[in-house]
Amino acid sequence: MALWHKVQQLPEASLRKIYGEHFPIEVRHCLAPWIESKMCQFQEINPDDPTHEQYASQLVMALIAELENKATSLPSTDELFVVKLKLTDCANMFKARYPQNSLSLVRIIQHALNWELKLVTQHETGLQGMAPGGMALIPDTASEIIQQIQYLRQRVHDAGEDYEKMKQEQESFAIQYHECAKLNATLQHIQGQRGQNPLGVEQEKELKRKKELTESTLTQKVSGLLQMRLALADKHKETVSLLTQVQSRVLDEELIRWKREQQLAGNGAPFSNNLDQIQEWCEELSVIIWETRHQIKEVERLRQRVPIDPPGGVDILPQLNQDITQLLSSLVTSTFIIEKQPPQVMKTNTRFTATVRLLVGAKLSVHMSPPQVKVTIISEGQANLLLKNDKMNKGDASGEILNNTGTMEYHQATRQLAVNFRNMQLRKIKRAEKKGTESVMDEKFSLLFQSQFTVGGGELVFQVWTLSLPVVVIVHGNQEPHAWATVTWDNAFAEPGRIPFAIPERVSWAQVADALSTKFKSATGKPLSEDNLRFLAGKVFRSPHVQDFTNMMLTWQQFAKEPLTDRNFTFWEWFYGVMKLTREHLRGPWNDGLVMGFVGRRQAEEMLQQRPHGTFLLRYSDSELGGITIAWGAHENGEQQVYMLQPFTNKDFAIRSLADRLSDLKHLIYLYPDIIKDQAFSKYYTPINSSSNTSNNGYVRPLLVTHVPGWSGVGGMDSYPNTPQTFYSPTSPDNTNRDTPSVNSAISESVSTSSRSSARPQQPRRRPGTGRPAARSHRSPASWCRASSCHHSLLSSSVGPNPRFPHSAAHCCPVSHLSGRHC
């Protein structure tokens with residue numbers, strides 16, 4: 001009641017925005033205490049969730065019961081008699097209109113209460129358009145559209161009443177006209193027998209008087225009937241104009257916004273799916289349009305029966321009929337939409353799904369004769385021709401799709417007319433000739449959904465079609481990264497109303513940054529920071545030293561076609577690789593802020609120079625697609641040295657996770673800047689259960705452990721076993737130009753068991769025919785290489801220490817494990 005008391009202090013103009021036929025102000029006034037006591041229950045219901053229908057129905061029934069009780073309790077005084085009748089009418093209206101659709105009434109009440117709260121807040125703060133805390137009040141689009149629709153329904157209702165009055169008036173005119181005709185016939189008969197009937201003179205005078213009176217009445221009726229026709233035609237004209245405005249708002253703004261958000265959702269953007277609400281608006285519009293069209297046609301029939309027109313007047317009814325029919329056609333064709341898009345990167349011979357929905361199908365009774373929907377795939381050029389000609393020639397398709405027909409079904413619970421294609425499969429694809437640097441991953445296709453149905457008992461026939469979002473067809477998984485580049489660029493930068501599927505060749509970095517951050521957040525759960533985006537800008541523009549990229553424009557070629565400097569892959573391929581790696585193996589640490597990722601080699605070195613011994617960070621590799629490396633600092637001979645571990649990829653993490661590998665490497669102590677490693681990563685360690693070491697077949701399970709030769713615990717160097725162990729060492733590129741050593745890691749197998757292992761240590765590799773360890777030099781070896789996983793002998797002391805391993809106290813062979821990959 002407190003809220004309603006404040007609402008009554010608002011200007012009358014504000015109140016008119018809130019209440020209407022669907023929720024009369026009399027109901028709000030008389031049930032104010034009850035409504036506000038149930039406000040929380042009203043707000044808890046989601047009108048777009050069909051599962052809330054039962055709860056909404058109970059609340060609406062309680063509202064109707066409260067209305068009836070209130071109407072009964074009001075005394076039948078002169079002051080309250082009209083209010084009592086109004087409440088009774090409202091209760092009956094609610095019963096008739098919302099027996100199976102209580103969620104609609106709940107939605108209306110929710111919007112009304114929200115409007116009240118906003119207007120009261122605005123009024124109390126005294127700031128135009130401002131709420132407490134300086135937050136601007138956003139107009140409730142849904143409430144405004146509902147109010148406009150309510151107003152249109154009231155206009156149609158009033159026009160219907162005017163039509164009934166005009167019909168009665170025309171029937172009365174017809175009766176009077178026939179009476180006048182009879183009088184004329186009788187008068188002519190008497191005048192023909194004037195000499196034979198002595199009373200004929202008196203009768204003739206009386207008949208003439210009646211005739212004049214009747215003709216006068218007819219003249220007045222003709223004038224009144226003509227005025228009623230003109231007034232009703234003007235009312236219909238204004239209604240059609242208002243309908244055009246509201247329909248444009250629903251279709252050209254709300255539905256287009258929904259389609260745009262659906263496309264951005266393809267890049268991972270949040271999608272506020274309000275399609276059910278849009279369907280409700282479209283259904284209301286279809287009913288109003290159909291009723292208005294029916295009224296216009298009925299008025300035309302009345303005019304044909306009594307063809308009276310004003311002098312010099314123009315009959316506007318035919319044009320109105322044409323305009324209202326065009327509105328209906330536009331509504332039907334625009335609401336044939338793809339609710340669930342097919343995959344935008346489509347692999348041949350792979351099953352995929354899609355869902356098509358007709359938003360106005362239920363109200364126009366289309367489901368009484370369920371229409372068929374057919375799906376074909378067409379090229380970009382064919383899509384352009386379709387828009388120009390509004391039809392496709394038979395046989396015009398760019399591929400073959402299996403299971404490409406379906407029948408639309410009406411679902412009573414959700415009031416949706418839709419068809420769900422569950423088992424479509426693209427078998428063949430016809431490609432256009434490529435020009436220049438174009439590849440098959442640059443070519444865009446679209447799925448065309450077509451149907452035909454009738455409305456109004458066959459009176460109107462509609463041929464409807466709609467195109468899916470652009471689709472890139474691939475035949476192999478290695479084509480997927482570039483295909484996603486094409487789709488991502490199209491989804492992010494497509495302009496409304498474009499020619500299929502035109503996109504800008506260059507866009508601002510701010511737009512690209514937003515698209516990349518959205519994509520990365522969708523894949524990994526966390527968006528990119530400003531520092532991350534600055535690093536990416538430096539990489540994609542090949543200008544790492546530039547600080548401000550705000551006003552720079554990025555081309556499609558730079559984004560996905562031109563290789564990065566000194567690399568054989570593009571920016572997108574690099575970005576896609578690290579995104580895929582993070583999504584599949586690093587999602588948790590990335591979301592916890594443990595993976596720095598987007599940092600260059602030199603920046604990492606500078607960051608670690610002043611940090612304690614054993615401090616490390618995780619950065620994405622610049623040279624390895626989908627790779628991540630560990631950079632760590634170590635104090636050697638009074639100087640801080642920074643090392644980069646050979647990058648790990650998806651294949652490595654499929655064997656052992658990042659957290660477990662970090663746990664294995666005891667020389668890594670602090671995560672940059674000073675977080676204890678176990679404190680940061682312990683929750684991601686794989687627990688070791690000693691009771692599960694033996695498998696069901698009696699074999700002892702080995703445990704894979706990551707090992708960096710030459711490194712152990714806090715002390716730094718390993719105490720190496722006498723017998724070298726083998727380790728996996730992928731071929732590394734030449735590193736003669738590297739400033740920082742890149743160290744290979746090895747996977748060692750250790751067996752955890754209670755019994756002594758019978759496995760024999762592997763003997764070092766020997767030179768053929770000599771019985772001595774193999775070496776790259778013919779000089780006599782002075783000693784074994786201290787690197788536990790190196791099979792080469794050390795050269796004599798004349799060779800000197802390996803310049804790329806300055807921290808080692810012993811000599812190391814020049815071809816040892818230290819020649820790791822560039823990071």
# chains A, B, ... in the order shown; residues from 1 in each chain; ligands from 1

$ closest_atom_pairs --of "region 411-467 of chain A" --to "region 485-491 of chain A" --cutoff "9 Å" --atoms "only C-alpha atoms" --output "Markdown table"
| residue | atom | partner | partner_atom | distance |
| --- | --- | --- | --- | --- |
| A:Met441 | CA | A:Thr486 | CA | 7.1 |
| A:Asp442 | CA | A:Thr486 | CA | 6.0 |
| A:Glu443 | CA | A:Thr486 | CA | 8.4 |
| A:Lys444 | CA | A:Thr486 | CA | 8.3 |

$ select_by_dssp --residues "region 383-502 of chain A" --states "helix (DSSP H, G or I)" --output "list of chain:residue names"
A:Ala383, A:Asn384, A:Leu385, A:Leu386, A:Leu387, A:Lys388, A:Asn389, A:Val440, A:Met441, A:Asp442, A:Gly477, A:Asn478, A:Gln479, A:Glu480, A:Pro481, A:His482, A:Ala483, A:Trp484, A:Ala485, A:Thr486, A:Val487, A:Thr488, A:Trp489, A:Asp490, A:Asn491, A:Ala492, A:Phe493

$ write_last_selection --atoms "N, CA and C atoms" --output "short mmCIF file (atom, residue, chain, number, x, y, z; two decimals), in the first residue's frame"
data_model
loop_
_atom_site.label_atom_id
_atom_site.label_comp_id
_atom_site.auth_asym_id
_atom_site.auth_seq_id
_atom_site.Cartn_x
_atom_site.Cartn_y
_atom_site.Cartn_z
N ALA A 383 23.01 -16.56 -52.52
CA ALA A 383 22.29 -15.80 -51.48
C ALA A 383 22.01 -14.39 -51.96
N ASN A 384 22.95 -13.76 -52.67
CA ASN A 384 22.73 -12.43 -53.22
C ASN A 384 21.61 -12.42 -54.24
N LEU A 385 21.61 -13.42 -55.13
CA LEU A 385 20.54 -13.51 -56.14
C LEU A 385 19.19 -13.75 -55.48
N LEU A 386 19.17 -14.52 -54.40
CA LEU A 386 17.92 -14.78 -53.70
C LEU A 386 17.33 -13.49 -53.14
N LEU A 387 18.17 -12.65 -52.57
CA LEU A 387 17.67 -11.38 -52.03
C LEU A 387 17.14 -10.47 -53.13
N LYS A 388 17.76 -10.51 -54.31
CA LYS A 388 17.31 -9.66 -55.41
C LYS A 388 16.00 -10.16 -56.02
N ASN A 389 15.89 -11.48 -56.21
CA ASN A 389 14.73 -12.05 -56.91
C ASN A 389 13.66 -12.58 -55.98
N VAL A 440 39.72 -22.37 -49.46
CA VAL A 440 38.37 -22.91 -49.23
C VAL A 440 37.84 -22.46 -47.88
N MET A 441 38.73 -22.11 -46.94
CA MET A 441 38.28 -21.64 -45.63
C MET A 441 37.82 -20.19 -45.63
N ASP A 442 38.04 -19.49 -46.76
CA ASP A 442 37.52 -18.12 -46.89
C ASP A 442 36.12 -18.10 -47.51
N GLY A 477 40.10 -31.74 -40.18
CA GLY A 477 40.22 -30.98 -38.94
C GLY A 477 41.29 -29.92 -38.97
N ASN A 478 42.34 -30.09 -39.81
CA ASN A 478 43.39 -29.07 -39.84
C ASN A 478 42.94 -27.78 -40.52
N GLN A 479 41.75 -27.79 -41.14
CA GLN A 479 41.20 -26.58 -41.75
C GLN A 479 40.39 -25.76 -40.74
N GLU A 480 40.19 -26.31 -39.57
CA GLU A 480 39.31 -25.67 -38.60
C GLU A 480 39.79 -24.32 -38.11
N PRO A 481 41.08 -24.14 -37.76
CA PRO A 481 41.50 -22.82 -37.25
C PRO A 481 41.21 -21.67 -38.22
N HIS A 482 41.58 -21.83 -39.50
CA HIS A 482 41.34 -20.73 -40.45
C HIS A 482 39.85 -20.55 -40.71
N ALA A 483 39.08 -21.64 -40.69
CA ALA A 483 37.63 -21.52 -40.87
C ALA A 483 37.04 -20.69 -39.74
N TRP A 484 37.53 -20.91 -38.52
CA TRP A 484 37.03 -20.12 -37.39
C TRP A 484 37.46 -18.66 -37.48
N ALA A 485 38.58 -18.40 -38.12
CA ALA A 485 38.97 -17.00 -38.34
C ALA A 485 37.94 -16.31 -39.23
N THR A 486 37.52 -16.98 -40.30
CA THR A 486 36.52 -16.41 -41.22
C THR A 486 35.21 -16.16 -40.47
N VAL A 487 34.78 -17.14 -39.68
CA VAL A 487 33.51 -17.02 -38.96
C VAL A 487 33.59 -15.95 -37.89
N THR A 488 34.69 -15.91 -37.16
CA THR A 488 34.83 -14.93 -36.07
C THR A 488 34.81 -13.51 -36.61
N TRP A 489 35.53 -13.26 -37.70
CA TRP A 489 35.56 -11.92 -38.31
C TRP A 489 34.17 -11.53 -38.80
N ASP A 490 33.45 -12.47 -39.41
CA ASP A 490 32.11 -12.19 -39.93
C ASP A 490 31.14 -11.92 -38.79
N ASN A 491 31.15 -12.75 -37.77
CA ASN A 491 30.23 -12.57 -36.65
C ASN A 491 30.46 -11.25 -35.94
N ALA A 492 31.71 -10.89 -35.79
CA ALA A 492 32.03 -9.69 -35.00
C ALA A 492 31.74 -8.40 -35.75
N PHE A 493 31.95 -8.38 -37.06
CA PHE A 493 31.96 -7.09 -37.77
C PHE A 493 30.92 -7.00 -38.88
#

$ closest_residue --among "A:Ile377, A:Ser223, A:His178, A:Leu528" --to "Arg431 (chain A)" --atoms "only C-alpha atoms"
A:Ile377

$ closest_residue --among "A:Asn273, A:Gln412, A:Asn46, A:Gln450" --to "Asp390 (chain A)" --atoms "only C-alpha atoms"
A:Gln450

$ residues_around --residues "Arg28 (chain A)" --least-positions-apart "3" --cutoff "12 Å" --atoms "only C-alpha atoms" --output "list of chain:residue names"
A:Met1, A:Leu3, A:Trp4, A:His5, A:Val7, A:Gln8, A:Leu15, A:Ile18, A:Tyr19, A:Gly20, A:His22, A:Phe23, A:Pro24, A:Ile25, A:Leu31, A:Ala32, A:Pro33, A:Trp34, A:Ile35, A:Glu36, A:Leu63, A:Glu66, A:Leu67, A:Leu87, A:Cys90, A:Ile109, A:Ala112, A:Leu113, A:Glu116

$ write_last_selection --atoms "N, CA and C atoms" --output "mmCIF file, in the first residue's frame"
data_model
loop_
_atom_site.group_PDB
_atom_site.id
_atom_site.type_symbol
_atom_site.label_atom_id
_atom_site.label_comp_id
_atom_site.auth_asym_id
_atom_site.auth_seq_id
_atom_site.Cartn_x
_atom_site.Cartn_y
_atom_site.Cartn_z
ATOM 1 N N MET A 1 0.834 -1.206 0.000
ATOM 2 C CA MET A 1 0.000 0.000 0.000
ATOM 3 C C MET A 1 0.867 1.253 0.000
ATOM 4 N N LEU A 3 3.643 1.748 -1.651
ATOM 5 C CA LEU A 3 4.015 2.088 -3.023
ATOM 6 C C LEU A 3 2.855 2.766 -3.733
ATOM 7 N N TRP A 4 1.646 2.236 -3.576
ATOM 8 C CA TRP A 4 0.498 2.830 -4.261
ATOM 9 C C TRP A 4 0.211 4.239 -3.754
ATOM 10 N N HIS A 5 0.442 4.457 -2.498
ATOM 11 C CA HIS A 5 0.252 5.795 -1.944
ATOM 12 C C HIS A 5 1.197 6.785 -2.625
ATOM 13 N N VAL A 7 2.526 6.348 -5.631
ATOM 14 C CA VAL A 7 2.167 6.420 -7.052
ATOM 15 C C VAL A 7 1.076 7.448 -7.270
ATOM 16 N N GLN A 8 0.156 7.561 -6.309
ATOM 17 C CA GLN A 8 -0.950 8.500 -6.460
ATOM 18 C C GLN A 8 -0.494 9.949 -6.425
ATOM 19 N N LEU A 15 0.770 8.205 -14.981
ATOM 20 C CA LEU A 15 -0.073 7.046 -14.696
ATOM 21 C C LEU A 15 -0.622 6.433 -15.973
ATOM 22 N N ILE A 18 1.236 3.512 -17.477
ATOM 23 C CA ILE A 18 1.336 2.253 -16.740
ATOM 24 C C ILE A 18 0.123 1.365 -16.961
ATOM 25 N N TYR A 19 -1.071 1.944 -16.919
ATOM 26 C CA TYR A 19 -2.288 1.139 -16.858
ATOM 27 C C TYR A 19 -3.034 1.190 -18.182
ATOM 28 N N GLY A 20 -3.745 0.117 -18.459
ATOM 29 C CA GLY A 20 -4.530 0.037 -19.681
ATOM 30 C C GLY A 20 -5.561 -1.062 -19.560
ATOM 31 N N HIS A 22 -5.388 -4.243 -20.237
ATOM 32 C CA HIS A 22 -4.937 -5.514 -19.694
ATOM 33 C C HIS A 22 -4.772 -5.463 -18.170
ATOM 34 N N PHE A 23 -4.486 -4.279 -17.634
ATOM 35 C CA PHE A 23 -4.334 -4.119 -16.190
ATOM 36 C C PHE A 23 -4.941 -2.769 -15.802
ATOM 37 N N PRO A 24 -6.286 -2.720 -15.641
ATOM 38 C CA PRO A 24 -6.971 -1.444 -15.375
ATOM 39 C C PRO A 24 -6.532 -0.826 -14.052
ATOM 40 N N ILE A 25 -6.572 0.496 -14.015
ATOM 41 C CA ILE A 25 -6.145 1.208 -12.814
ATOM 42 C C ILE A 25 -7.084 0.931 -11.642
ATOM 43 N N LEU A 31 -7.144 -3.247 -5.152
ATOM 44 C CA LEU A 31 -6.400 -4.391 -4.611
ATOM 45 C C LEU A 31 -4.975 -4.008 -4.225
ATOM 46 N N ALA A 32 -4.726 -2.736 -3.970
ATOM 47 C CA ALA A 32 -3.366 -2.274 -3.672
ATOM 48 C C ALA A 32 -2.729 -3.038 -2.513
ATOM 49 N N PRO A 33 -3.395 -3.202 -1.354
ATOM 50 C CA PRO A 33 -2.751 -3.941 -0.257
ATOM 51 C C PRO A 33 -2.423 -5.386 -0.640
ATOM 52 N N TRP A 34 -3.345 -6.065 -1.331
ATOM 53 C CA TRP A 34 -3.120 -7.473 -1.689
ATOM 54 C C TRP A 34 -1.994 -7.596 -2.712
ATOM 55 N N ILE A 35 -1.979 -6.717 -3.728
ATOM 56 C CA ILE A 35 -0.948 -6.783 -4.770
ATOM 57 C C ILE A 35 0.436 -6.555 -4.185
ATOM 58 N N GLU A 36 0.569 -5.562 -3.301
ATOM 59 C CA GLU A 36 1.884 -5.273 -2.736
ATOM 60 C C GLU A 36 2.323 -6.350 -1.750
ATOM 61 N N LEU A 63 -5.732 -13.792 -7.607
ATOM 62 C CA LEU A 63 -6.062 -12.412 -7.958
ATOM 63 C C LEU A 63 -7.523 -12.289 -8.364
ATOM 64 N N GLU A 66 -9.737 -12.565 -5.354
ATOM 65 C CA GLU A 66 -9.692 -11.335 -4.560
ATOM 66 C C GLU A 66 -10.521 -10.236 -5.222
ATOM 67 N N LEU A 67 -10.483 -10.179 -6.558
ATOM 68 C CA LEU A 67 -11.306 -9.208 -7.281
ATOM 69 C C LEU A 67 -12.788 -9.432 -7.037
ATOM 70 N N LEU A 87 -14.908 -3.853 -11.539
ATOM 71 C CA LEU A 87 -14.155 -4.963 -10.942
ATOM 72 C C LEU A 87 -14.728 -6.308 -11.380
ATOM 73 N N CYS A 90 -13.628 -6.918 -14.887
ATOM 74 C CA CYS A 90 -12.206 -7.278 -14.937
ATOM 75 C C CYS A 90 -11.988 -8.737 -14.534
ATOM 76 N N ILE A 109 1.641 -7.411 -15.089
ATOM 77 C CA ILE A 109 1.669 -6.880 -13.720
ATOM 78 C C ILE A 109 3.102 -6.559 -13.305
ATOM 79 N N ALA A 112 4.112 -3.304 -14.865
ATOM 80 C CA ALA A 112 3.427 -2.180 -14.219
ATOM 81 C C ALA A 112 4.087 -1.834 -12.882
ATOM 82 N N LEU A 113 4.390 -2.859 -12.098
ATOM 83 C CA LEU A 113 5.025 -2.612 -10.800
ATOM 84 C C LEU A 113 6.427 -2.040 -10.978
ATOM 85 N N GLU A 116 6.093 1.574 -11.805
ATOM 86 C CA GLU A 116 5.769 2.333 -10.599
ATOM 87 C C GLU A 116 7.021 2.633 -9.785
#

$ closest_residue --among "A:Val471, A:Thr518, A:Glu44, A:Arg249" --to "Pro270 (chain A)" --atoms "only C-alpha atoms"
A:Thr518

$ decode --residues "region 223-238 of chain A" --atoms "N, CA, C and O atoms" --output "tab-separated table (two decimals), in the first residue's frame"
chain	number	residue	atom	x	y	z
A	223	SER	N	-26.60	11.49	-44.61
A	223	SER	CA	-25.53	12.36	-44.15
A	223	SER	C	-24.80	11.75	-42.95
A	223	SER	O	-23.57	11.72	-42.88
A	224	GLY	N	-25.58	11.21	-41.97
A	224	GLY	CA	-24.97	10.59	-40.80
A	224	GLY	C	-24.18	9.35	-41.15
A	224	GLY	O	-23.08	9.11	-40.61
A	225	LEU	N	-24.74	8.54	-42.06
A	225	LEU	CA	-24.05	7.31	-42.47
A	225	LEU	C	-22.74	7.64	-43.18
A	225	LEU	O	-21.71	6.98	-42.97
A	226	LEU	N	-22.78	8.67	-44.00
A	226	LEU	CA	-21.57	9.07	-44.71
A	226	LEU	C	-20.50	9.56	-43.74
A	226	LEU	O	-19.31	9.22	-43.86
A	227	GLN	N	-20.94	10.32	-42.73
A	227	GLN	CA	-20.00	10.80	-41.72
A	227	GLN	C	-19.40	9.64	-40.92
A	227	GLN	O	-18.21	9.63	-40.59
A	228	MET	N	-20.23	8.66	-40.59
A	228	MET	CA	-19.74	7.50	-39.85
A	228	MET	C	-18.72	6.71	-40.68
A	228	MET	O	-17.71	6.24	-40.15
A	229	ARG	N	-18.99	6.58	-41.98
A	229	ARG	CA	-18.05	5.88	-42.84
A	229	ARG	C	-16.71	6.60	-42.90
A	229	ARG	O	-15.64	5.99	-42.81
A	230	LEU	N	-16.77	7.93	-43.08
A	230	LEU	CA	-15.52	8.70	-43.16
A	230	LEU	C	-14.75	8.65	-41.84
A	230	LEU	O	-13.52	8.51	-41.83
A	231	ALA	N	-15.49	8.75	-40.71
A	231	ALA	CA	-14.84	8.73	-39.41
A	231	ALA	C	-14.18	7.37	-39.16
A	231	ALA	O	-13.05	7.28	-38.66
A	232	LEU	N	-14.91	6.30	-39.51
A	232	LEU	CA	-14.35	4.96	-39.31
A	232	LEU	C	-13.16	4.72	-40.23
A	232	LEU	O	-12.16	4.09	-39.83
A	233	ALA	N	-13.24	5.23	-41.46
A	233	ALA	CA	-12.10	5.08	-42.38
A	233	ALA	C	-10.88	5.82	-41.85
A	233	ALA	O	-9.74	5.31	-41.91
A	234	ASP	N	-11.08	7.02	-41.30
A	234	ASP	CA	-9.97	7.77	-40.71
A	234	ASP	C	-9.40	7.03	-39.50
A	234	ASP	O	-8.18	7.01	-39.29
A	235	LYS	N	-10.29	6.43	-38.70
A	235	LYS	CA	-9.81	5.68	-37.53
A	235	LYS	C	-8.99	4.47	-37.98
A	235	LYS	O	-7.94	4.18	-37.39
A	236	HIS	N	-9.46	3.78	-39.01
A	236	HIS	CA	-8.70	2.65	-39.52
A	236	HIS	C	-7.36	3.10	-40.11
A	236	HIS	O	-6.34	2.42	-39.94
A	237	LYS	N	-7.36	4.24	-40.76
A	237	LYS	CA	-6.13	4.76	-41.34
A	237	LYS	C	-5.10	5.06	-40.24
A	237	LYS	O	-3.92	4.71	-40.37
A	238	GLU	N	-5.56	5.67	-39.16
A	238	GLU	CA	-4.65	5.97	-38.05
A	238	GLU	C	-4.19	4.68	-37.38
A	238	GLU	O	-3.03	4.57	-36.98
